[in-house]
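Text of coords-v1.txt (compact mmCIF, C-alpha atoms and all ligand atoms) as supplied:
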# COMPACT_ATOMS: atom_id res chain seq x y z
CA MET A 1 -5.29 -28.66 -12.26
CA ALA A 2 -5.50 -25.02 -11.26
CA LEU A 3 -4.38 -21.65 -12.57
CA ILE A 4 -2.15 -19.94 -10.02
CA VAL A 5 -0.75 -16.41 -10.12
CA GLN A 6 2.43 -16.02 -8.04
CA LYS A 7 3.97 -12.62 -7.31
CA PHE A 8 7.46 -12.21 -5.90
CA GLY A 9 8.64 -8.90 -4.43
CA GLY A 10 12.01 -7.20 -4.82
CA SER A 11 13.79 -8.91 -1.94
CA SER A 12 12.60 -12.33 -3.15
CA VAL A 13 14.49 -11.84 -6.45
CA ALA A 14 17.35 -9.67 -5.12
CA ASP A 15 20.26 -11.79 -6.44
CA THR A 16 21.04 -14.89 -8.50
CA ALA A 17 20.48 -17.32 -5.63
CA ARG A 18 17.11 -15.72 -4.85
CA VAL A 19 16.07 -15.80 -8.51
CA GLN A 20 16.93 -19.50 -8.58
CA ASN A 21 14.99 -20.04 -5.37
CA VAL A 22 11.95 -18.36 -6.91
CA ALA A 23 12.37 -20.43 -10.09
CA ARG A 24 12.21 -23.54 -7.90
CA ILE A 25 8.98 -22.45 -6.21
CA ILE A 26 7.46 -21.69 -9.63
CA THR A 27 8.50 -24.98 -11.23
CA ASP A 28 7.36 -26.97 -8.17
CA THR A 29 3.92 -25.42 -8.61
CA TYR A 30 4.01 -26.17 -12.34
CA LYS A 31 5.16 -29.76 -11.76
CA GLN A 32 2.07 -30.35 -9.65
CA GLY A 33 0.03 -29.86 -12.84
CA ASN A 34 -0.90 -26.20 -12.48
CA ASP A 35 -0.80 -23.40 -15.02
CA VAL A 36 1.44 -20.70 -13.56
CA VAL A 37 1.53 -16.97 -14.27
CA VAL A 38 4.27 -15.12 -12.41
CA VAL A 39 4.54 -11.41 -11.63
CA LEU A 40 7.91 -10.05 -10.54
CA SER A 41 9.15 -6.81 -8.99
CA ALA A 42 12.51 -5.22 -9.71
CA GLN A 43 15.48 -6.83 -7.93
CA GLY A 44 16.27 -5.52 -4.43
CA ASP A 45 16.71 -1.75 -4.38
CA THR A 46 16.74 -1.37 -8.17
CA THR A 47 13.75 0.99 -8.29
CA ASP A 48 15.25 3.26 -5.61
CA ASP A 49 18.60 3.22 -7.42
CA LEU A 50 16.97 4.19 -10.71
CA ILE A 51 15.15 7.06 -9.01
CA ALA A 52 18.46 8.28 -7.52
CA LYS A 53 20.11 8.06 -10.93
CA ALA A 54 17.34 10.13 -12.52
CA LYS A 55 17.62 12.76 -9.78
CA GLU A 56 21.31 13.21 -10.53
CA ILE A 57 20.47 14.11 -14.11
CA ASN A 58 17.21 15.99 -13.66
CA PRO A 59 15.54 16.38 -10.27
CA LYS A 60 12.39 17.53 -12.05
CA ALA A 61 12.26 14.78 -14.67
CA SER A 62 8.86 14.33 -16.30
CA LYS A 63 6.72 11.52 -14.98
CA ARG A 64 6.53 9.96 -18.43
CA GLU A 65 10.31 9.59 -18.60
CA MET A 66 10.42 8.35 -15.00
CA ASP A 67 7.95 5.60 -15.91
CA MET A 68 10.02 4.69 -18.95
CA LEU A 69 13.06 4.36 -16.69
CA LEU A 70 11.49 2.58 -13.71
CA SER A 71 9.76 -0.03 -15.85
CA THR A 72 13.18 -1.42 -16.83
CA GLY A 73 13.80 -2.87 -13.36
CA GLU A 74 10.97 -5.36 -13.68
CA GLN A 75 12.09 -6.31 -17.19
CA ILE A 76 15.46 -7.44 -15.81
CA SER A 77 13.76 -9.65 -13.20
CA VAL A 78 11.38 -11.45 -15.56
CA SER A 79 14.00 -12.19 -18.20
CA LEU A 80 16.52 -13.50 -15.64
CA CYS A 81 13.89 -15.65 -13.95
CA ALA A 82 12.72 -17.04 -17.31
CA MET A 83 16.35 -17.97 -18.00
CA ALA A 84 16.62 -19.69 -14.62
CA ILE A 85 13.45 -21.66 -15.34
CA GLU A 86 14.72 -22.66 -18.79
CA ALA A 87 18.01 -23.77 -17.22
CA MET A 88 15.95 -26.12 -15.04
CA GLY A 89 14.46 -27.69 -18.17
CA TYR A 90 11.04 -26.00 -18.30
CA GLN A 91 9.57 -23.72 -20.95
CA ALA A 92 9.05 -20.11 -19.92
CA VAL A 93 8.30 -16.81 -21.60
CA SER A 94 8.72 -13.34 -20.12
CA LEU A 95 6.41 -10.48 -21.11
CA THR A 96 6.46 -6.74 -20.45
CA GLY A 97 3.31 -4.92 -19.33
CA TRP A 98 2.30 -4.09 -22.87
CA GLN A 99 2.96 -7.58 -24.23
CA ALA A 100 0.81 -8.92 -21.41
CA GLY A 101 -2.04 -6.52 -22.28
CA MET A 102 -2.02 -4.42 -19.10
CA LEU A 103 -3.97 -1.38 -20.29
CA THR A 104 -3.90 1.63 -17.97
CA ASP A 105 -4.98 5.26 -17.88
CA SER A 106 -2.40 7.96 -18.59
CA ASN A 107 -1.70 9.06 -15.02
CA TYR A 108 2.07 8.51 -15.20
CA SER A 109 3.65 7.23 -11.94
CA ALA A 110 0.24 6.41 -10.46
CA ALA A 111 -1.63 4.80 -13.34
CA ARG A 112 -4.72 2.68 -12.81
CA ILE A 113 -5.35 -0.54 -14.68
CA LYS A 114 -8.39 -0.15 -16.92
CA ARG A 115 -8.43 -3.55 -18.56
CA VAL A 116 -6.29 -6.62 -19.03
CA ARG A 117 -6.24 -8.01 -22.54
CA ALA A 118 -5.05 -11.47 -21.61
CA GLU A 119 -5.10 -13.23 -25.01
CA ARG A 120 -1.31 -13.39 -25.32
CA ILE A 121 -0.89 -14.83 -21.82
CA GLN A 122 -3.62 -17.36 -22.55
CA LYS A 123 -1.93 -18.37 -25.80
CA GLU A 124 1.36 -18.99 -23.97
CA LEU A 125 -0.41 -20.96 -21.23
CA ASP A 126 -2.07 -23.08 -23.92
CA LYS A 127 1.44 -23.92 -25.17
CA LYS A 128 2.14 -25.13 -21.62
CA LYS A 129 4.62 -22.36 -20.93
CA ILE A 130 5.24 -20.71 -17.59
CA VAL A 131 4.42 -17.03 -18.17
CA LEU A 132 6.35 -14.28 -16.39
CA VAL A 133 4.96 -10.75 -16.45
CA THR A 134 6.65 -7.53 -15.32
CA GLY A 135 4.84 -6.09 -12.30
CA PHE A 136 4.09 -2.43 -11.66
CA GLN A 137 3.66 -1.40 -15.30
CA GLY A 138 1.25 -1.10 -18.17
CA ILE A 139 0.62 0.82 -21.34
CA ASN A 140 -1.73 3.74 -22.01
CA LYS A 141 -3.78 4.73 -25.04
CA TYR A 142 -0.78 6.55 -26.55
CA ASP A 143 1.24 3.29 -26.39
CA ASP A 144 3.43 4.84 -23.69
CA ILE A 145 4.69 2.90 -20.68
CA THR A 146 3.06 3.77 -17.35
CA THR A 147 3.74 2.61 -13.80
CA LEU A 148 1.19 1.96 -11.08
CA GLY A 149 2.84 3.65 -8.07
CA ARG A 150 5.37 2.29 -5.56
CA GLY A 151 4.55 -1.24 -4.46
CA GLY A 152 2.25 -1.63 -7.49
CA SER A 153 3.36 -5.14 -8.51
CA ASP A 154 0.86 -6.58 -6.01
CA THR A 155 -1.88 -4.84 -7.98
CA SER A 156 -0.53 -6.20 -11.28
CA ALA A 157 -0.75 -9.71 -9.84
CA VAL A 158 -4.30 -9.33 -8.57
CA ALA A 159 -5.41 -7.74 -11.86
CA LEU A 160 -4.03 -10.73 -13.76
CA ALA A 161 -5.60 -13.18 -11.31
CA ALA A 162 -8.97 -11.47 -11.78
CA ALA A 163 -8.69 -11.28 -15.58
CA LEU A 164 -7.60 -14.91 -15.92
CA HIS A 165 -10.10 -16.14 -13.30
CA ALA A 166 -7.17 -17.70 -11.44
CA ASP A 167 -7.89 -20.14 -8.66
CA LEU A 168 -5.33 -18.52 -6.38
CA CYS A 169 -3.16 -15.39 -6.19
CA GLN A 170 -0.07 -15.88 -4.02
CA ILE A 171 1.88 -12.81 -2.95
CA TYR A 172 5.34 -13.99 -1.91
CA THR A 173 7.39 -11.57 0.17
CA ASP A 174 10.17 -11.43 2.77
CA VAL A 175 8.02 -12.07 5.86
CA ASP A 176 5.76 -15.04 6.66
CA GLY A 177 2.50 -13.18 6.02
CA VAL A 178 0.45 -10.31 7.41
CA TYR A 179 1.26 -9.59 11.05
CA THR A 180 -0.47 -7.65 13.81
CA ALA A 181 2.18 -4.94 13.16
CA ASP A 182 5.35 -4.64 11.09
CA PRO A 183 7.37 -7.66 12.33
CA ARG A 184 10.62 -5.88 11.50
CA HIS A 185 9.94 -3.04 13.92
CA VAL A 186 7.50 -4.24 16.54
CA THR A 187 8.50 -6.78 19.15
CA GLY A 188 5.91 -9.50 19.65
CA ALA A 189 4.11 -8.95 16.32
CA LYS A 190 2.05 -12.07 15.55
CA LYS A 191 1.29 -13.62 12.20
CA LEU A 192 -2.39 -13.69 11.29
CA ASP A 193 -3.68 -16.90 9.70
CA GLU A 194 -6.37 -14.92 7.95
CA ILE A 195 -7.66 -11.36 7.61
CA THR A 196 -10.69 -9.83 5.90
CA PHE A 197 -10.39 -7.75 2.74
CA ASP A 198 -11.82 -4.75 4.62
CA GLU A 199 -9.30 -4.94 7.44
CA MET A 200 -6.40 -5.56 5.06
CA LEU A 201 -7.48 -2.62 2.91
CA GLU A 202 -7.48 -0.34 5.97
CA LEU A 203 -4.11 -1.65 7.19
CA ALA A 204 -2.55 -1.22 3.74
CA SER A 205 -4.03 2.27 3.31
CA LEU A 206 -2.88 3.27 6.80
CA GLY A 207 0.76 2.40 6.22
CA ALA A 208 1.27 -1.41 6.39
CA GLN A 209 3.40 -1.75 3.30
CA VAL A 210 3.06 -5.53 3.01
CA LEU A 211 0.33 -5.16 0.35
CA HIS A 212 -0.39 -2.34 -2.10
CA ASN A 213 -3.79 -1.03 -1.01
CA ARG A 214 -5.20 -1.05 -4.54
CA SER A 215 -4.39 -4.76 -4.85
CA VAL A 216 -6.65 -5.46 -1.88
CA GLU A 217 -9.39 -3.22 -3.25
CA MET A 218 -9.27 -5.14 -6.51
CA ALA A 219 -9.09 -8.56 -4.84
CA LYS A 220 -12.23 -7.69 -2.88
CA ARG A 221 -14.07 -6.41 -5.95
CA TYR A 222 -13.32 -9.52 -8.02
CA ASN A 223 -13.29 -11.91 -5.09
CA VAL A 224 -9.75 -13.09 -5.79
CA ASN A 225 -8.54 -15.89 -3.57
CA MET A 226 -5.43 -14.25 -2.13
CA GLU A 227 -2.66 -15.25 0.23
CA VAL A 228 0.52 -13.60 1.50
CA LEU A 229 3.49 -15.83 2.26
CA SER A 230 7.28 -15.98 2.43
CA SER A 231 9.45 -16.96 -0.53
CA LEU A 232 12.17 -18.02 1.91
CA SER A 233 10.67 -19.93 4.84
CA GLY A 234 8.09 -22.25 3.29
CA ASN A 235 5.76 -21.57 6.26
CA PRO A 236 2.01 -21.19 5.81
CA GLY A 237 1.05 -17.58 5.15
CA THR A 238 -1.99 -15.34 5.67
CA LYS A 239 -5.22 -15.78 3.71
CA VAL A 240 -6.99 -12.56 2.76
CA LYS A 241 -10.71 -13.11 2.25
CA GLU A 242 -14.22 -11.75 2.63
CA VAL A 243 -15.13 -13.41 5.92
CA VAL A 244 -12.80 -15.00 8.45
CA LYS A 245 -13.51 -17.43 11.26
CA THR A 246 -12.09 -15.35 14.10
CA MET A 247 -14.01 -12.16 13.28
CA GLU A 248 -16.29 -12.35 16.32
CA LYS A 249 -13.56 -12.96 18.83
CA THR A 250 -10.93 -10.29 18.32
CA HIS A 251 -11.64 -6.60 18.22
CA VAL A 252 -8.36 -5.42 16.77
CA SER A 253 -6.38 -7.23 14.09
CA GLY A 254 -3.46 -4.87 13.57
CA VAL A 255 -1.56 -1.66 14.22
CA ALA A 256 -0.16 0.47 11.38
CA LYS A 257 2.09 3.49 11.16
CA ASP A 258 2.19 6.13 8.43
CA LYS A 259 4.98 8.69 8.48
CA ASN A 260 4.00 10.26 5.18
CA VAL A 261 1.78 12.80 6.91
CA ALA A 262 1.87 16.59 7.31
CA ARG A 263 -0.37 18.78 9.48
CA ILE A 264 -1.59 22.25 8.59
CA ALA A 265 -3.25 24.42 11.23
CA LEU A 266 -5.18 27.61 10.52
CA VAL A 267 -5.33 29.68 13.69
CA GLY A 268 -7.73 32.53 14.48
CA LEU A 269 -10.53 31.95 11.96
CA ALA A 270 -13.87 33.77 12.27
CA ASP A 271 -16.44 31.60 14.06
CA GLN A 272 -19.12 31.84 11.39
CA PRO A 273 -20.71 29.61 8.71
CA GLY A 274 -18.92 28.87 5.45
CA ILE A 275 -15.29 28.90 6.63
CA ALA A 276 -14.70 25.13 6.36
CA PHE A 277 -16.39 25.14 2.98
CA LYS A 278 -14.02 27.87 1.73
CA ILE A 279 -10.89 26.09 2.97
CA PHE A 280 -11.68 22.63 1.68
CA SER A 281 -13.13 23.73 -1.65
CA LEU A 282 -9.88 25.64 -2.34
CA LEU A 283 -7.90 22.46 -1.55
CA ALA A 284 -10.23 20.26 -3.60
CA LYS A 285 -9.80 22.56 -6.60
CA GLU A 286 -6.05 21.94 -6.39
CA LYS A 287 -6.65 18.17 -6.00
CA VAL A 288 -5.12 18.09 -2.51
CA ASN A 289 -6.45 15.07 -0.60
CA VAL A 290 -7.29 15.88 3.01
CA ASP A 291 -7.31 13.16 5.64
CA ILE A 292 -8.04 14.03 9.30
CA ILE A 293 -9.82 17.32 10.04
CA LEU A 294 -10.12 18.93 13.46
CA GLN A 295 -12.08 22.07 14.34
CA SER A 296 -11.91 23.67 17.76
CA ILE A 297 -14.98 25.01 19.54
CA GLY A 298 -15.48 28.70 18.75
CA ARG A 299 -14.49 31.03 21.57
CA GLU A 300 -14.69 34.83 21.51
CA GLU A 301 -15.82 34.57 17.88
CA SER A 302 -12.64 32.81 16.87
CA LYS A 303 -11.85 29.18 16.05
CA ASP A 304 -9.01 27.05 14.65
CA ILE A 305 -9.12 24.35 11.97
CA SER A 306 -6.31 21.88 11.37
CA PHE A 307 -6.05 19.07 8.87
CA THR A 308 -3.59 16.51 7.57
CA VAL A 309 -2.39 15.83 4.02
CA SER A 310 0.30 13.54 2.62
CA GLN A 311 3.79 15.05 2.70
CA ASP A 312 3.82 15.22 -1.09
CA ASP A 313 0.90 17.66 -0.92
CA MET A 314 2.20 19.73 1.99
CA GLU A 315 3.83 22.53 -0.03
CA LYS A 316 0.88 22.83 -2.37
CA ALA A 317 -1.60 22.99 0.52
CA LYS A 318 0.52 25.62 2.25
CA GLN A 319 0.74 27.75 -0.87
CA VAL A 320 -3.01 27.54 -1.49
CA MET A 321 -3.75 28.64 2.08
CA GLU A 322 -1.21 31.48 2.01
CA ALA A 323 -2.43 32.74 -1.33
CA ASN A 324 -5.97 32.89 0.03
CA GLN A 325 -5.32 34.26 3.51
CA ASP A 326 -7.60 37.27 2.91
CA VAL A 327 -10.45 35.14 1.55
CA ILE A 328 -10.26 32.59 4.38
CA GLY A 329 -9.36 35.10 7.07
CA PHE A 330 -6.98 33.22 9.40
CA LYS A 331 -4.45 34.97 11.64
CA SER A 332 -1.59 32.50 11.36
CA LEU A 333 -0.64 29.26 9.64
CA GLU A 334 1.36 26.39 11.17
CA VAL A 335 2.76 23.65 8.95
CA THR A 336 4.74 20.60 10.04
CA ASP A 337 5.78 17.24 8.65
CA GLN A 338 7.15 16.07 12.00
CA VAL A 339 4.04 14.01 12.72
CA ALA A 340 2.95 10.41 12.16
CA LYS A 341 -0.40 8.68 12.05
CA ILE A 342 -0.81 5.53 14.12
CA SER A 343 -3.91 3.41 13.59
CA ILE A 344 -5.58 0.33 14.96
CA VAL A 345 -7.77 -1.70 12.62
CA GLY A 346 -10.33 -4.37 13.36
CA ALA A 347 -13.69 -5.48 11.99
CA GLY A 348 -14.74 -6.42 15.51
CA MET A 349 -14.38 -2.94 16.99
CA ALA A 350 -17.53 -1.43 15.48
CA ASN A 351 -19.69 -2.34 18.48
CA ASN A 352 -17.07 -2.05 21.15
CA SER A 353 -16.58 1.39 22.64
CA GLY A 354 -13.74 0.27 24.91
CA VAL A 355 -11.29 -0.23 22.06
CA ALA A 356 -10.43 3.43 21.43
CA CYS A 357 -10.15 3.98 25.17
CA LYS A 358 -7.58 1.19 25.45
CA MET A 359 -5.53 2.75 22.69
CA PHE A 360 -5.55 6.15 24.43
CA GLU A 361 -4.64 4.52 27.72
CA ALA A 362 -1.61 2.86 26.10
CA LEU A 363 -0.45 6.23 24.76
CA PHE A 364 -1.04 7.90 28.13
CA SER A 365 1.02 5.19 29.88
CA ALA A 366 3.86 5.89 27.44
CA SER A 367 3.47 9.69 28.01
CA ILE A 368 2.70 10.25 24.33
CA ASN A 369 0.58 13.26 23.43
CA ILE A 370 -2.21 12.91 20.84
CA HIS A 371 -2.73 15.82 18.43
CA MET A 372 -5.69 14.56 16.45
CA ILE A 373 -8.08 11.60 16.48
CA SER A 374 -10.22 10.12 13.76
CA THR A 375 -12.42 7.03 13.82
CA SER A 376 -14.46 4.87 11.47
CA GLU A 377 -16.36 1.61 11.82
CA ILE A 378 -13.19 -0.45 11.70
CA LYS A 379 -10.32 1.86 12.65
CA VAL A 380 -9.09 4.47 15.10
CA SER A 381 -6.24 6.76 14.03
CA VAL A 382 -4.26 9.22 16.11
CA LEU A 383 -1.73 11.81 15.08
CA VAL A 384 1.40 11.98 17.26
CA ASP A 385 4.84 13.59 17.02
CA GLU A 386 6.99 11.70 14.55
CA ARG A 387 9.68 11.14 17.18
CA ASP A 388 7.10 9.22 19.28
CA ALA A 389 5.87 7.05 16.39
CA GLU A 390 7.84 3.84 17.03
CA ARG A 391 7.16 3.94 20.77
CA ALA A 392 3.49 4.62 20.15
CA VAL A 393 3.11 1.58 17.88
CA GLN A 394 4.91 -0.65 20.37
CA ALA A 395 2.87 0.62 23.34
CA ILE A 396 -0.44 0.18 21.52
CA HIS A 397 0.60 -3.23 20.20
CA ASP A 398 1.63 -4.38 23.70
CA ARG A 399 -1.72 -3.20 25.09
CA PHE A 400 -3.73 -5.24 22.58
CA PHE A 401 -1.50 -8.19 21.77
CA SER A 402 0.88 -8.97 24.61
CA GLU A 403 0.45 -12.33 26.29
CA PHE A 404 -1.74 -10.95 29.06
CA ALA A 405 -3.71 -8.43 27.01
CA SER A 406 -7.37 -9.06 26.29
CA ASN A 407 -8.36 -8.23 22.73
P1 LIG B 501 7.90 -6.88 -1.40
O1 LIG B 501 9.19 -6.35 -1.92
O2 LIG B 501 7.87 -8.38 -1.30
O3 LIG B 501 6.71 -6.32 -2.12
P2 LIG B 501 7.48 -5.01 0.77
O4 LIG B 501 8.74 -4.45 1.32
O5 LIG B 501 6.69 -4.17 -0.16
O6 LIG B 501 7.82 -6.43 0.11
O7 LIG B 501 6.52 -5.48 1.96
C1 LIG B 501 6.96 -6.37 2.94
C2 LIG B 501 7.35 -5.60 4.18
O8 LIG B 501 6.19 -4.99 4.74
C3 LIG B 501 7.89 -6.45 5.30
O9 LIG B 501 9.27 -6.68 5.16
C4 LIG B 501 7.53 -5.66 6.55
O10 LIG B 501 8.64 -4.96 7.07
C5 LIG B 501 6.50 -4.65 6.07
N1 LIG B 501 5.26 -4.63 6.87
C6 LIG B 501 4.66 -3.52 7.38
N2 LIG B 501 3.57 -3.83 8.07
C7 LIG B 501 3.44 -5.17 8.01
C8 LIG B 501 2.49 -6.10 8.56
N3 LIG B 501 1.43 -5.71 9.28
N4 LIG B 501 2.67 -7.43 8.31
C9 LIG B 501 3.72 -7.83 7.56
N5 LIG B 501 4.66 -7.02 7.03
C10 LIG B 501 4.53 -5.69 7.26
N1 LIG B 502 9.55 -2.08 -8.13
C1 LIG B 502 8.43 -1.25 -7.73
C2 LIG B 502 8.73 -0.55 -6.41
O1 LIG B 502 9.82 -0.73 -5.87
C3 LIG B 502 7.14 -2.00 -7.67
C4 LIG B 502 7.03 -3.07 -6.61
O2 LIG B 502 8.04 -3.49 -6.04
O3 LIG B 502 5.89 -3.51 -6.36
O4 LIG B 502 7.92 0.18 -5.92
MG MG B 503 5.63 -4.52 -1.94

Can you give me the file's structure in the form of structure tokens?
Ligand code: ADP
Ligand code: ASP
Ligand code: MG
Amino acid sequence: MALIVQKFGGSSVADTARVQNVARIITDTYKQGNDVVVVLSAQGDTTDDLIAKAKEINPKASKREMDMLLSTGEQISVSLCAMAIEAMGYQAVSLTGWQAGMLTDSNYSAARIKRVRAERIQKELDKKKIVLVTGFQGINKYDDITTLGRGGSDTSAVALAAALHADLCQIYTDVDGVYTADPRHVTGAKKLDEITFDEMLELASLGAQVLHNRSVEMAKRYNVNMEVLSSLSGNPGTKVKEVVKTMEKTHVSGVAKDKNVARIALVGLADQPGIAFKIFSLLAKEKVNVDIILQSIGREESKDISFTVSQDDMEKAKQVMEANQDVIGFKSLEVTDQVAKISIVGAGMANNSGVACKMFEALFSASINIHMISTSEIKVSVLVDERDAERAVQAIHDRFFSEFASN
């Protein structure tokens, strides 16, 4: 007998038939003699619909009230699914984040789980019940409801798996597993049988929405046995783990796209020490996260610095720069959100200099211009025009993963 945590995303519970389908998967697992803890997301587009509803009433609603509202979507899913399970003749109990002991900090809309007090869940498991917990939410020290950020139900599931020392954490979704690129948008994307935590963390952080990046971070930290699979097909999924068998062979395991990027360029800065320090300390003070940074070579005592931020931070970054134009001393400021970041990720690329070159060649062949480049041990990212993003992903993917490509 094992303890298994199963998480089902929004499309897996979108309507009555899907809820019943999920109830079948859960009870099949239970029938095999396992304890089962289930984490559910809100049905279909419920979270988006709730956000739209809030905007109609108050476009600047406080984050606390937004969390109060958004947490209701998951409550609908768990209660309906518990009813479906009961209708099949099994005992189930649904719990909200606070009933399940999901304690978070107070950062509304992007809260972090601090601790899971799992006594209640354990008590229900001891009574041989199937336990269903709302994903994406918790409670803070003021007893207020918090949410973990979009896509956060994956993180709820991994946190529960870690706290309960589960044998397995299954993330059920609407595709067969983790692919070499988004299978809905990239022709020829291939399913990976397994992927390392490090690669998955990069892919998730660089735009592959299939897993919430913090869920992967947590799974790595607590060594949670994790797999991603489809709630609809019944096919084997992708195992996410510390070390995988194929690591030596392939250099690149996936391509990701992130459109939530904005670029800010400061033109005509003095070519002297301390300028970068001034710019980035001003941004840090305002808690603006900077991603890629590019500085040109100084010429005629002048240089340019450009950097990227998430689109949510674009206005703030722009305002900070404008307000400090005299202190920083730039001639002009260019701001755009019409850019996208495309990345390749692979644990095997660290000692292989040809990988980045291949990526650039693919972009050159597709006549796509690169604005910025950044690299790390296991990834190469480029910034391109947003209108080129889809073509760029496809061209890079073809270069590394088509039938005749060597990778
Ligand atoms: P859920 O509602 O189950 O949490 P999400 O919509 O959050 O599902 O994530 C699944 C989606 O992630 C897929 O439908 C797919 O379009 C997208 N996706 C992006 N990149 C990848 C990838 N590399 N592998 C698999 N799916 C991906
Ligand atoms: N329902 C939330 C969202 O749509 C959480 C999740 O699905 O993981 O972002
Ligand atoms: Mg998701």

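Among the candidates A:Asp176, A:Asp167, A:Asp198, A:Asp49, the one nearest to A:Val224 when counting only C-alpha atoms is A:Asp167.
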
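Pocket residues of ligand LIG 502 (chain B), taken as those with any atom at most 6 Å away using all atoms listed in the file, are Gly9, Gly10, Ser41, Ala42, Thr47, Phe136, Arg150, Gly151, Gly152, Ser153 and Asp154 of chain A.
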
Output as CSV one row per residue of chain A within 8 Å of ligand LIG 501 (chain B): the closest atom pair and its distance in Å to one decimal place, counting all atoms listed in the file, sorted by chain and residue number ascending.
residue,atom,partner,partner_atom,distance
A:Phe8,CA,B:LIG501,O2,6.0
A:Gly9,CA,B:LIG501,O2,3.3
A:Gly10,CA,B:LIG501,O1,4.1
A:Ser11,CA,B:LIG501,O1,5.3
A:Ser12,CA,B:LIG501,O2,6.4
A:Ser41,CA,B:LIG501,O1,7.1
A:Gly44,CA,B:LIG501,O1,7.6
A:Gly151,CA,B:LIG501,O5,5.6
A:Ser153,CA,B:LIG501,O3,7.3
A:Asp154,CA,B:LIG501,O3,7.0
A:Ile171,CA,B:LIG501,O2,7.6
A:Tyr172,CA,B:LIG501,O2,6.2
A:Thr173,CA,B:LIG501,O2,3.5
A:Asp174,CA,B:LIG501,O9,5.4
A:Val175,CA,B:LIG501,O9,5.6
A:Asp176,CA,B:LIG501,C9,7.5
A:Gly177,CA,B:LIG501,C9,5.7
A:Val178,CA,B:LIG501,N4,3.7
A:Tyr179,CA,B:LIG501,N4,3.8
A:Thr180,CA,B:LIG501,N3,5.3
A:Ala181,CA,B:LIG501,N3,4.0
A:Asp182,CA,B:LIG501,N2,3.6
A:Pro183,CA,B:LIG501,N5,6.0
A:Arg184,CA,B:LIG501,O10,4.9
A:His185,CA,B:LIG501,O10,7.2
A:Lys191,CA,B:LIG501,N4,7.4
A:Leu203,CA,B:LIG501,N3,7.2
A:Ala204,CA,B:LIG501,N2,7.9
A:Gly207,CA,B:LIG501,N2,7.1
A:Ala208,CA,B:LIG501,N2,3.7
A:Gln209,CA,B:LIG501,O8,4.5
A:Val210,CA,B:LIG501,O7,3.6
A:Leu211,CA,B:LIG501,O7,6.4
A:His212,CA,B:LIG501,O5,7.6
A:Gly254,CA,B:LIG501,N3,6.6
A:Val255,CA,B:LIG501,N3,7.1
A:Ala256,CA,B:LIG501,N2,6.6

- Task: List every protein, DNA or RNA residue that has an atom no more than 6 Å from (-13.0, 31.1, 15.2) in the file's coordinate frame, counting only C-alpha atoms, and report them as number ranges by chain.
- Result: A: 268-271, 298, 301-304

- Query: When distances are computed from all atoms listed in the file, which of A:Ala392, A:Ile293, A:Val133, A:Ala356 shows the smallest separation from A:Thr96?
  - Reply: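 Smallest distance to A:Thr96 is found for A:Val133.
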
Can you tell me which residues surround A:Ile292 at a distance of at most 8 Å, considering all atoms listed in the file, apart from same-chain residues fewer than 4 positions away, and format the answer as a short mmCIF file (atom, residue, chain, number, x, y, z; two decimals) with C-alpha atoms, keeping the file's coordinate frame?
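around.cif was written with the following content:
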data_model
loop_
_atom_site.label_atom_id
_atom_site.label_comp_id
_atom_site.auth_asym_id
_atom_site.auth_seq_id
_atom_site.Cartn_x
_atom_site.Cartn_y
_atom_site.Cartn_z
CA PHE A 307 -6.05 19.07 8.87
CA THR A 308 -3.59 16.51 7.57
CA VAL A 309 -2.39 15.83 4.02
CA MET A 372 -5.69 14.56 16.45
CA ILE A 373 -8.08 11.60 16.48
CA SER A 374 -10.22 10.12 13.76
#

- How far is it from atom CA of A:Ala61 to atom CA of A:Leu148, in Å with one decimal?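 A separation of 17.3 Å between them.
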
- Note on the structure: Judged by all atoms listed in the file, the minimum distance to ligand MG 503 (chain B) among A:Ala157, A:Met68, A:Val252, A:Ala395 is found for A:Ala157

- Query: Using only C-alpha atoms and all ligand atoms, which of A:Val335, A:Leu168, A:Val39, A:Ile25 sits nearest ligand MG 503 (chain B)?
  - Reply: A:Val39

- Which neighbours of A:Ala219 fall inside 9 Å, counting all atoms listed in the file, when residues of the same chain fewer than 2 positions from it are skipped, and could you give them as a list in words?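 Using all atoms listed in the file, the neighbours found are Thr155, Val158, Ala159, Ala161, Ala162, Phe197, Arg214, Ser215, Val216, Glu217, Arg221, Tyr222, Asn223, Val224, Asn225, Met226, Val240 and Lys241 of chain A.
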
- Item | For A:Val288: contacts at 12 Å, all atoms listed in the file, fewer than 6 positions along chain excluded, given as a list in words |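 Final neighbour list, sorted by chain and number: Ile279, Phe280, Ser281, Leu282, Phe307, Thr308, Val309, Ser310, Gln311, Asp312, Asp313, Met314, Glu315, Lys316, Ala317, Lys318, Gln319, Val320 and Met321 of chain A.
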
- Task: List the residues sitting within 6 Å of (-9.6, 24.6, 8.0) in the file's frame, using all atoms listed in the file, as a PyMOL selection string.
- Result: chain A and resi 266+276+279+305-306

May I have the selected residues written with C-alpha atoms, as a CSV table (one decimal), keeping the file's coordinate frame?
chain,number,residue,atom,x,y,z
A,266,LEU,CA,-5.2,27.6,10.5
A,276,ALA,CA,-14.7,25.1,6.4
A,279,ILE,CA,-10.9,26.1,3.0
A,305,ILE,CA,-9.1,24.4,12.0
A,306,SER,CA,-6.3,21.9,11.4

- Residue with smallest distance to ligand MG 503 (chain B) - pool A:Ala54, A:Val228, A:Ala84, A:Ala362, counting only C-alpha atoms and all ligand atoms: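 Closest to ligand MG 503 (chain B), using only C-alpha atoms and all ligand atoms: A:Val228.
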
- Item | Minimum-distance residue to ligand MG 503 (chain B), chosen among A:Leu95, A:Leu40, A:Val5, A:Ala323 (using all atoms listed in the file) |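 Smallest separation from ligand MG 503 (chain B) among the options: A:Leu40.
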